[in-house]
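Structure data (mmCIF, C-alpha atoms) from input_1.cif:
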data_run
#
loop_
_atom_site.label_atom_id
_atom_site.label_comp_id
_atom_site.auth_asym_id
_atom_site.auth_seq_id
_atom_site.Cartn_x
_atom_site.Cartn_y
_atom_site.Cartn_z
CA MET C 1 6.06 -9.68 -24.45
CA GLY C 2 7.30 -6.27 -23.34
CA TYR C 3 10.75 -6.74 -21.72
CA PRO C 4 11.00 -10.53 -21.27
CA GLY C 5 14.60 -10.70 -20.03
CA GLN C 6 17.37 -13.17 -20.87
CA MET C 7 15.19 -16.27 -21.24
CA GLY C 8 12.46 -14.46 -23.16
CA GLY C 9 13.59 -15.78 -26.58
CA LYS C 10 13.47 -19.40 -25.42
CA ALA C 11 10.11 -18.87 -23.72
CA LEU C 12 8.65 -17.33 -26.89
CA ALA C 13 9.90 -20.23 -29.01
CA GLN C 14 8.31 -22.75 -26.62
CA LEU C 15 5.01 -20.90 -26.89
CA LEU C 16 5.08 -20.67 -30.68
CA VAL C 17 5.80 -24.38 -31.25
CA GLY C 18 3.24 -25.47 -28.67
CA GLU C 19 5.53 -26.95 -26.03
CA VAL C 20 3.89 -24.69 -23.45
CA SER C 21 0.41 -23.21 -23.46
CA PRO C 22 0.55 -19.49 -22.59
CA SER C 23 -1.42 -18.60 -19.48
CA GLY C 24 0.01 -15.28 -18.32
CA ARG C 25 -1.54 -11.83 -18.65
CA LEU C 26 -0.08 -8.43 -19.45
CA SER C 27 0.98 -6.41 -16.43
CA GLN C 28 0.89 -3.15 -18.38
CA THR C 29 -1.14 -1.44 -21.13
CA PHE C 30 0.03 -1.32 -24.75
CA TYR C 31 -1.28 1.83 -26.46
CA ARG C 32 -2.04 2.59 -30.09
CA GLU C 33 0.54 4.72 -31.91
CA GLU C 34 -1.76 7.76 -32.16
CA TYR C 35 -2.11 7.85 -28.37
CA PHE C 36 1.44 9.17 -27.99
CA GLN C 37 0.63 12.19 -30.13
CA HIS C 38 -1.61 13.44 -27.29
CA VAL C 39 0.58 12.68 -24.27
CA PRO C 40 3.29 15.22 -23.36
CA MET C 41 6.37 13.40 -22.10
CA GLN C 42 6.68 15.85 -19.19
CA ASP C 43 3.11 15.22 -17.94
CA TYR C 44 2.77 12.08 -15.83
CA SER C 45 -0.60 12.78 -14.23
CA PHE C 46 -3.08 9.90 -14.42
CA PRO C 47 -6.60 11.44 -14.65
CA ALA C 48 -7.76 12.46 -18.11
CA ARG C 49 -8.66 16.04 -19.05
CA ALA C 50 -10.26 17.69 -22.06
CA ASP C 51 -6.91 17.94 -23.89
CA TYR C 52 -5.21 14.97 -22.24
CA PRO C 53 -6.18 11.26 -22.55
CA GLY C 54 -4.72 10.28 -19.18
CA ARG C 55 -2.38 7.44 -18.28
CA GLY C 56 -2.87 3.89 -17.05
CA TYR C 57 -5.66 1.38 -17.54
CA ARG C 58 -7.89 3.07 -14.94
CA PHE C 59 -8.22 6.37 -16.78
CA VAL C 60 -7.54 5.85 -20.51
CA GLU C 61 -10.44 5.32 -22.93
CA ASP C 62 -10.56 1.95 -24.66
CA LYS C 63 -10.13 3.60 -28.09
CA TRP C 64 -6.48 4.39 -27.25
CA VAL C 65 -5.63 0.82 -26.20
CA LEU C 66 -4.15 -1.83 -28.47
CA TYR C 67 -3.66 -4.55 -25.83
CA PRO C 68 -5.25 -3.84 -22.43
CA PHE C 69 -3.76 -4.49 -19.01
CA GLY C 70 -4.70 -8.10 -18.21
CA PHE C 71 -4.75 -9.26 -21.85
CA GLY C 72 -3.70 -12.89 -22.38
CA LEU C 73 -3.66 -15.72 -24.90
CA SER C 74 -3.77 -19.50 -24.65
CA TYR C 75 -3.94 -22.56 -26.87
CA ASP C 76 -6.61 -23.85 -24.50
CA THR C 77 -10.29 -22.87 -24.62
CA PHE C 78 -11.92 -21.37 -21.52
CA SER C 79 -15.56 -20.71 -20.70
CA TYR C 80 -16.95 -18.52 -17.90
CA THR C 81 -20.39 -18.60 -16.27
CA TRP C 82 -21.91 -16.90 -13.22
CA VAL C 83 -22.76 -19.24 -10.36
CA GLU C 84 -26.21 -18.65 -8.87
CA GLN C 85 -26.03 -17.47 -5.26
CA LYS C 86 -27.73 -19.56 -2.59
CA GLU C 87 -29.96 -17.94 0.01
CA LYS C 88 -27.63 -18.95 2.83
CA ALA C 89 -24.70 -17.24 1.12
CA LEU C 90 -26.76 -14.06 0.71
CA GLU C 91 -27.60 -14.08 4.42
CA GLU C 92 -23.92 -14.43 5.32
CA ASP C 93 -23.04 -11.53 3.04
CA ARG C 94 -25.80 -9.45 4.62
CA ARG C 95 -24.14 -9.77 8.03
CA SER C 96 -20.71 -8.86 6.69
CA ARG C 97 -22.05 -5.89 4.66
CA SER C 98 -20.56 -7.24 1.47
CA CYS C 99 -21.70 -8.88 -1.74
CA ARG C 100 -20.26 -11.94 -3.38
CA PHE C 101 -20.11 -13.09 -6.96
CA GLN C 102 -18.93 -16.50 -8.10
CA VAL C 103 -17.65 -17.50 -11.53
CA GLN C 104 -17.22 -21.04 -12.78
CA VAL C 105 -14.18 -21.37 -15.02
CA SER C 106 -14.03 -24.37 -17.35
CA SER C 107 -10.99 -25.37 -19.38
CA ARG C 108 -10.93 -27.91 -22.20
CA GLU C 109 -7.34 -29.04 -21.48
CA GLY C 110 -7.16 -28.13 -17.79
CA THR C 111 -4.63 -25.34 -18.29
CA GLY C 112 -3.87 -22.95 -15.43
CA SER C 113 -4.81 -19.31 -15.94
CA SER C 114 -5.38 -15.98 -14.22
CA LEU C 115 -8.77 -14.42 -13.52
CA LEU C 116 -9.20 -10.65 -13.16
CA PHE C 117 -12.27 -8.74 -11.96
CA PHE C 118 -12.80 -5.10 -12.94
CA LEU C 119 -15.45 -2.60 -11.83
CA ARG C 120 -16.65 0.15 -14.19
CA PRO C 121 -18.51 3.15 -12.72
CA PRO C 122 -21.78 4.32 -14.32
CA ALA C 123 -21.23 5.50 -17.89
CA GLU C 124 -22.47 9.02 -17.15
CA VAL C 125 -19.69 9.67 -14.60
CA ALA C 126 -16.80 7.47 -15.81
CA GLY C 127 -13.94 9.74 -16.85
CA VAL C 128 -15.78 12.94 -15.84
CA ASP C 129 -13.80 15.45 -13.71
CA GLY C 130 -10.86 13.08 -13.52
CA MET C 131 -12.85 10.09 -12.28
CA LEU C 132 -11.49 6.70 -13.24
CA ARG C 133 -13.08 4.54 -15.94
CA LYS C 134 -12.46 1.15 -14.33
CA LYS C 135 -10.46 -0.46 -11.56
CA LEU C 136 -9.13 -3.89 -10.68
CA VAL C 137 -10.93 -5.19 -7.58
CA HIS C 138 -9.70 -8.79 -7.45
CA PHE C 139 -7.40 -11.20 -9.26
CA GLU C 140 -6.56 -14.83 -8.73
CA ARG C 141 -4.08 -17.25 -10.21
CA LEU C 142 -5.89 -20.51 -11.01
CA PRO C 143 -4.08 -23.87 -10.80
CA PRO C 144 -4.47 -26.37 -13.66
CA ALA C 145 -7.99 -27.83 -13.57
CA ARG C 146 -10.85 -28.52 -15.97
CA SER C 147 -13.41 -26.76 -13.79
CA GLN C 148 -13.24 -24.56 -10.69
CA VAL C 149 -15.19 -21.78 -9.00
CA VAL C 150 -13.71 -18.38 -8.10
CA SER C 151 -15.36 -15.91 -5.71
CA VAL C 152 -15.02 -12.14 -5.50
CA ARG C 153 -16.41 -10.18 -2.56
CA LEU C 154 -17.29 -6.48 -2.94
CA THR C 155 -17.77 -4.09 -0.02
CA PRO C 156 -19.18 -0.54 0.09
CA LYS C 157 -15.71 0.97 -0.33
CA ASP C 158 -15.44 -0.62 -3.79
CA PHE C 159 -18.23 1.70 -4.97
CA ARG C 160 -16.62 4.85 -3.53
CA LEU C 161 -14.45 7.06 -5.71
CA PHE C 162 -12.73 10.43 -5.73
CA ALA C 163 -14.57 12.91 -7.95
CA GLY C 164 -12.96 16.13 -9.23
CA THR C 165 -11.05 17.92 -6.49
CA GLU C 166 -12.91 16.24 -3.62
CA ALA C 167 -10.60 15.23 -0.78
CA GLU C 168 -12.68 12.21 0.24
CA LYS C 169 -14.24 9.39 -1.66
CA ARG C 170 -18.02 9.28 -2.02
CA LEU C 171 -20.47 6.56 -2.94
CA ILE C 172 -21.26 6.64 -6.65
CA THR C 173 -24.80 5.44 -7.32
CA GLY C 174 -26.13 4.09 -10.63
CA ARG C 175 -25.38 1.19 -12.95
CA TRP C 176 -21.93 -0.21 -12.22
CA THR C 177 -20.52 -3.08 -14.30
CA LEU C 178 -18.46 -5.98 -12.99
CA GLU C 179 -16.28 -7.43 -15.75
CA VAL C 180 -14.25 -10.63 -15.87
CA ASN C 181 -10.91 -10.26 -17.69
CA GLN C 182 -9.90 -7.78 -20.38
CA PRO C 183 -11.14 -7.97 -23.09
CA THR C 184 -14.32 -8.89 -21.23
CA ASP C 185 -15.27 -12.57 -21.08
CA LEU C 186 -18.21 -12.05 -18.72
CA SER C 187 -20.03 -9.05 -17.27
CA GLN C 188 -22.75 -8.24 -14.75
CA VAL C 189 -24.62 -4.96 -14.22
CA ILE C 190 -24.92 -3.91 -10.57
CA HIS C 191 -27.53 -1.31 -9.59
CA VAL C 192 -26.06 0.70 -6.70
CA THR C 193 -28.18 3.02 -4.52
CA ASN C 194 -27.61 4.77 -1.19
CA HIS C 195 -29.32 1.83 0.54
CA GLY C 196 -27.72 -1.11 -1.23
CA CYS C 197 -27.57 -2.66 -4.65
CA MET C 198 -29.03 -5.33 -6.91
CA ALA C 199 -27.56 -7.54 -9.60
CA GLY C 200 -30.05 -9.10 -11.98
CA GLU C 201 -33.24 -9.87 -10.07
CA GLY C 202 -31.64 -10.83 -6.75
CA PRO C 203 -30.80 -8.32 -4.01
CA ILE C 204 -27.22 -7.87 -2.91
CA LEU C 205 -27.13 -5.93 0.35
CA LEU C 206 -24.28 -3.64 1.34
#
Please lay out the structure from this file as C-alpha cells.
Amino acid sequence: MGYPGQMGGKALAQLLVGEVSPSGRLSQTFYREEYFQHVPMQDYSFPARADYPGRGYRFVEDKWVLYPFGFGLSYDTFSYTWVEQKEKALEEDRRSRSCRFQVQVSSREGTGSSLLFFLRPPAEVAGVDGMLRKKLVHFERLPPARSQVVSVRLTPKDFRLFAGTEAEKRLITGRWTLEVNQPTDLSQVIHVTNHGCMAGEGPILL
C-alpha cells in the first residue's frame, strides 16, 4: 500500500474481508532488496549505466522489480482482447498520421478498473546508451461495466526517443511492443520503419 494515510488501515481491512474489490494500481515501483545494493543514495539520475541499474519504471530492468508501476489486484476476473480494426477506421487514422489500437475489457462482476498502455522499444536498443526500456503512452480509468472497449492512439512522436547524448529525439525503427498493464495482460508487436509501421498482418500508417 505504500503510504496509505490516515484511513489506510480501514481501507485495507475492507479489502481483506471482501467488502470492497480492489481496483487501483501502484503509482510507484517497488524494488527487490538487492536493487538497493547497487544504487548510491547520492545519485538520482534515471538512465542506467554499466555500473548503475537506473531509477524509475522507464529505465530499470524487470529483474530488479518486485511490484511494477501499474501493478494491481482485484477479487474480480478480467479478460482482455484486441478489437479488429475496420477499414474505415484505418482510413481515418491515415489522414491524421496516427495509428489506433482497441482493447475489449470484460469483467465477470462488472468491477471498475484502470487500463495502462506501455510501449517497449526494440530489444536491441532498449537500455543501451541510457535509452529507456518502456514508457507509459496512455491510461484510462474504466467505470464499472461487464464489457467495454478502450482505444489508444499512437503518433510518430511515440516512436521517437533520446539516444545517448543526442539533443533531439529520433525515430527508432524495429520491433516495438505495445503492452497492456504491468505485469502484461496483452501485447502486440509493432514493426516500425522510416515509412510507417505494421501490426500483425494489417498496415498501420504513420
Give me the residues near Leu161 of chain C as a PyMOL selection string, where near means some atom within 8 Å (using only C-alpha atoms) and where sequence neighbours in that chain fewer than 3 positions away do not count.
chain C and resi 131+158+169-172
Atom CA of Thr29 of chain C and atom CA of Tyr52 of chain C, how far apart in Å?
16.9 Å
Which residues come within 9 Å of Thr193 of chain C, counting only C-alpha atoms, excluding same-chain residues fewer than 2 positions away, as a PyMOL selection string?
chain C and resi 171-174+191+195-198
Take atom CA of Ala145 of chain C and atom CA of Glu109 of chain C and report the distance between them in Å, one decimal.
8.0 Å
Taking 3 positions as the minimum chain separation for residues in the same chain, which residues sit within 8 Å of Gly56 of chain C when counting all atoms listed in the file? Answer as a PyMOL selection string.
chain C and resi 29+46+59-60
Could you tell me which residues the PyMOL selection byres ((chain C and resi 117-123) around 8) returns for this structure, as a PyMOL selection string?
chain C and resi 115-116+124-126+132-139+152+159+172-181
Residues selected by the PyMOL selection byres ((chain C and resi 64) around 6), written as number ranges by chain
C: 31-32, 35, 61-63, 65
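Reported to one decimal place, the separation of atom CA of Ser107 of chain C from atom CA of Val20 of chain C is 15.4 Å.
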Which residues would end up in the selection if the PyMOL selection byres ((chain C and resi 37-40) around 8) were applied here, given that I need the answer as a VMD selection string?
chain C and resid 33 to 36 41 to 43 51 to 54
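Minimum atom-to-atom distances from C:Tyr75, C:Phe101, C:Phe162, C:Tyr57 to Leu186 of chain C were compared using all atoms listed in the file, and the lowest value belongs to C:Phe101.
Take the candidates C:Ser187, C:Gln182, C:Ser21, C:Tyr3 and check each one against Gly110 of chain C using only C-alpha atoms; the shortest distance goes to C:Ser21.
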Local residues around (-3.7, -23.3, -15.6), at most 10 Å away, using only C-alpha atoms, as number ranges by chain
C: 21-24, 74, 76, 107, 109-114, 141-146
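Among the candidate residues C:Gly9, C:Cys99, C:Glu140, C:Ser79, the one lying nearest to Val192 of chain C is C:Cys99, with distances computed using all atoms listed in the file.
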